[in-house]
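Here is the structure we will look at.
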Amino acid sequence: MKSIQAELGEAMVALADDLVADFDVIEILITPTGRCVSILGASAAGLMLAGPDGVLRVIASASEQMRLLELFELQNEQGPCLEGFQTGEVVSHHDLEGATDRWPLFAAEALSSGFGSVYALPLRLRHHVIGALNLFQSTGETFEADSLRAARAFADIATIAILQYRASLRSTELADQVNSAWHTRVTIEQAKGIIAERQHLDMEGAFAALRHHARENDVNLSDVAAAIVAGTLQPSALTTPETRGPRNAD
């Protein structure tokens with residue numbers, strides 16, 4: 001059994017390794033949310049990214065429940081991720097039952113979803129804020145200080161990757177690229193569902209198989225996901241990491 005420190009070290013190396021020419025920005029956006037859940041012990045995690053118009057969009061989430069909560073936050077224009085993006089500061093609340101004055105609609109929705117605390121980290125390089133990473137814990141659970149420092153590192157790496165990616169684009173391409181990233185995230189979620197169902201994997205295992213196949217065959221994660229959804233690549237053809245096993249039968 002690997003220690004959390006070992007897993008964290010491997011995750012950081014993998015993320016840094018992705019920051020090379022022709023890296024897949026979609027994978028960089030998705031990875032921090034999954035790592036914050038699987039390694040750091042967050043109950044849920046999500047990432048929002050601002051487009052050229054300054055409007056936040058939900059780009060990645062570790063679960064469907066988290067995605068819906070983040071959409072609720074944006075639609076009602078209140079909540080920690082939005083506040084962290086607007087202020088450029090870390091926003092936290094350890095007891096959402098006491099946050100009804102601060103975020104009346106959002107706090108009630110988060111509590112009804114089973115979350116008791118939140119920690120939002122802006123994706124920021126100096127004074128440039130481009131989004132935010134949201135972490136939630138279930139009622140009665142707390143964030144460890146070491147985990148929050150590691151989450152900050154994940155957020156920083158994602159910020160550098162996104163800014164590097166944007167710098168490579170002409171300004172006229174940027175809006176289309178952000179919208180494309182959002183649509184690609186939807187495709188990846190669909191592909192994960194197909195793989196999980198066909199290969200009897202949990203969603204984390206399905207994403208691991210998707211990602212491993214992309215890396216082993218030197219193709220973009222988004223292209224593999226699109227092929228799975230289109231039916232031109234069958235889940236049984238995926239090369240999967242040996243460490244991932246099937247989920248327990250219901």
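If you're wondering about the labels, chains in the structure tokens are A, B, ... by order shown, residues count from 1 in each chain, ligands from 1 in order shown.
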Sel. of strand (DSSP E or B) residues, region 23-72 of chain A, as a ChimeraX atom specification: /A:44-50,56-61
For Ser43 (chain A): contacts at 9 Å, only C-alpha atoms, fewer than 2 positions along chain excluded, given as a PyMOL selection string: chain A and resi 36-37+41+45+115+135-138+141
Set the distance at 12 Å and use only C-alpha atoms: which residues neighbour Met66 (chain A) once local chain neighbours fewer than 6 positions away are removed? I'd like the list as a compact mmCIF listing (two decimals) with C-alpha atoms, in the first residue's frame.
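Dumped everything to result-v9.txt:
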```txt
# COMPACT_ATOMS: atom_id res chain seq x y z
CA THR A 33 -10.18 17.28 -9.20
CA GLY A 34 -9.70 13.51 -9.29
CA VAL A 37 -10.51 13.15 -4.05
CA ALA A 42 -11.74 15.46 -0.28
CA SER A 43 -15.33 14.25 -0.55
CA ALA A 44 -15.77 16.15 -3.82
CA ALA A 45 -13.83 18.54 -6.02
CA GLY A 46 -14.52 20.71 -9.03
CA LEU A 47 -12.78 23.24 -11.22
CA MET A 48 -14.19 26.38 -12.83
CA VAL A 58 -17.71 24.41 -14.91
CA ILE A 59 -14.86 22.57 -16.63
CA ALA A 60 -14.17 19.56 -14.41
CA PHE A 72 -26.18 25.86 -8.98
CA GLU A 73 -23.49 28.17 -7.59
CA GLU A 109 -28.04 23.46 -1.38
CA ALA A 110 -24.60 22.24 -0.29
CA SER A 113 -26.17 17.49 -0.82
CA GLY A 114 -24.41 16.22 2.32
CA PHE A 115 -21.48 18.65 2.42
CA VAL A 118 -15.76 23.97 1.73
CA LEU A 133 -10.66 24.91 -7.55
CA ASN A 134 -13.44 23.88 -5.16
CA LEU A 135 -13.00 21.21 -2.45
CA PHE A 136 -15.83 19.89 -0.27
CA GLN A 137 -15.97 17.62 2.74
CA SER A 138 -18.98 15.69 3.94
```
Exercise: Gly54 (chain A) partners within 10 Å, only C-alpha atoms, chain neighbours under 3 positions left out, as a ChimeraX atom specification: /A:49-51,57,129-131
Wanna dump the region 203-230 of chain A-region 185-193 of chain A contacts at 9 Å for me, each residue with its shortest atom pair and the distance in Å to one decimal, counting only C-alpha atoms, ordered by chain and number, as JSON lines?
```
{"residue": "A:Met203", "atom": "CA", "partner": "A:Lys192", "partner_atom": "CA", "distance": 6.2}
{"residue": "A:Glu204", "atom": "CA", "partner": "A:Lys192", "partner_atom": "CA", "distance": 8.4}
{"residue": "A:Gly205", "atom": "CA", "partner": "A:Lys192", "partner_atom": "CA", "distance": 8.7}
{"residue": "A:Ala206", "atom": "CA", "partner": "A:Lys192", "partner_atom": "CA", "distance": 5.3}
{"residue": "A:Phe207", "atom": "CA", "partner": "A:Lys192", "partner_atom": "CA", "distance": 5.8}
{"residue": "A:Ala209", "atom": "CA", "partner": "A:Lys192", "partner_atom": "CA", "distance": 8.9}
{"residue": "A:Leu210", "atom": "CA", "partner": "A:Lys192", "partner_atom": "CA", "distance": 7.5}
{"residue": "A:Leu221", "atom": "CA", "partner": "A:Ile188", "partner_atom": "CA", "distance": 8.1}
{"residue": "A:Ser222", "atom": "CA", "partner": "A:Ile188", "partner_atom": "CA", "distance": 6.7}
{"residue": "A:Val224", "atom": "CA", "partner": "A:Ala191", "partner_atom": "CA", "distance": 8.6}
{"residue": "A:Ala225", "atom": "CA", "partner": "A:Ile188", "partner_atom": "CA", "distance": 5.2}
{"residue": "A:Ala226", "atom": "CA", "partner": "A:Thr187", "partner_atom": "CA", "distance": 6.3}
{"residue": "A:Ala227", "atom": "CA", "partner": "A:Ala191", "partner_atom": "CA", "distance": 8.5}
{"residue": "A:Ile228", "atom": "CA", "partner": "A:Ala191", "partner_atom": "CA", "distance": 5.7}
{"residue": "A:Val229", "atom": "CA", "partner": "A:Ala191", "partner_atom": "CA", "distance": 5.5}
```
Region 17-230 of chain A: residues DSSP assigns to alpha helix (DSSP H), reported as a count of residues only: 122
Gap from CA of Leu121 (chain A) to CA of Leu69 (chain A) - Å, one decimal: 16.6 Å
Contacts of Leu82 (chain A) at 8 Å (only C-alpha atoms; same-chain gap of 6+ positions) as a PyMOL selection string: chain A and resi 56+73-74+132
Can you write just those residues out, N, CA and C atoms, as a short mmCIF file (atom, residue, chain, number, x, y, z; two decimals), in the first residue's frame?
```cif
data_model
loop_
_atom_site.label_atom_id
_atom_site.label_comp_id
_atom_site.auth_asym_id
_atom_site.auth_seq_id
_atom_site.Cartn_x
_atom_site.Cartn_y
_atom_site.Cartn_z
N LEU A 56 -17.34 32.56 -15.53
CA LEU A 56 -16.89 31.24 -15.09
C LEU A 56 -17.75 30.14 -15.72
N GLU A 73 -24.24 27.02 -8.09
CA GLU A 73 -23.49 28.17 -7.59
C GLU A 73 -23.41 29.27 -8.64
N LEU A 74 -23.12 28.90 -9.87
CA LEU A 74 -23.00 29.90 -10.93
C LEU A 74 -24.35 30.51 -11.28
N ALA A 132 -11.05 28.83 -10.40
CA ALA A 132 -10.95 28.41 -9.00
C ALA A 132 -11.16 26.90 -8.89
#
```
Of the listed residues A:Pro235, A:Ala230, A:Ala161, A:Val90, that which approaches Leu201 (chain A) most closely, counting only C-alpha atoms: A:Pro235
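For the set A:Ala150, A:Ala158, A:Cys81, A:Ala120, the residue with the smallest atom-to-atom gap to His94 (chain A) is A:Ala120, counting only C-alpha atoms.
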Residue neighbourhood Ser147 (chain A), 7 Å, only C-alpha atoms, exclusion window fewer than 4 positions, as JSON, numbers by chain: {"A": [40, 143, 151]}
Okay, now the selection with C-alpha atoms, as a PDB file, in the first residue's frame?
```pdb
ATOM      1  CA  LEU A  40      -6.095  14.149  -0.551  1.00  0.00           C
ATOM      2  CA  PHE A 143      -9.561  19.175   5.825  1.00  0.00           C
ATOM      3  CA  ALA A 151      -4.338  21.143  -3.177  1.00  0.00           C
TER       4      ALA A 151
END
```
For His128 (chain A): contacts at 10 Å, only C-alpha atoms, fewer than 3 positions along chain excluded, given as a ChimeraX atom specification: /A:88,122-125,131,159,163
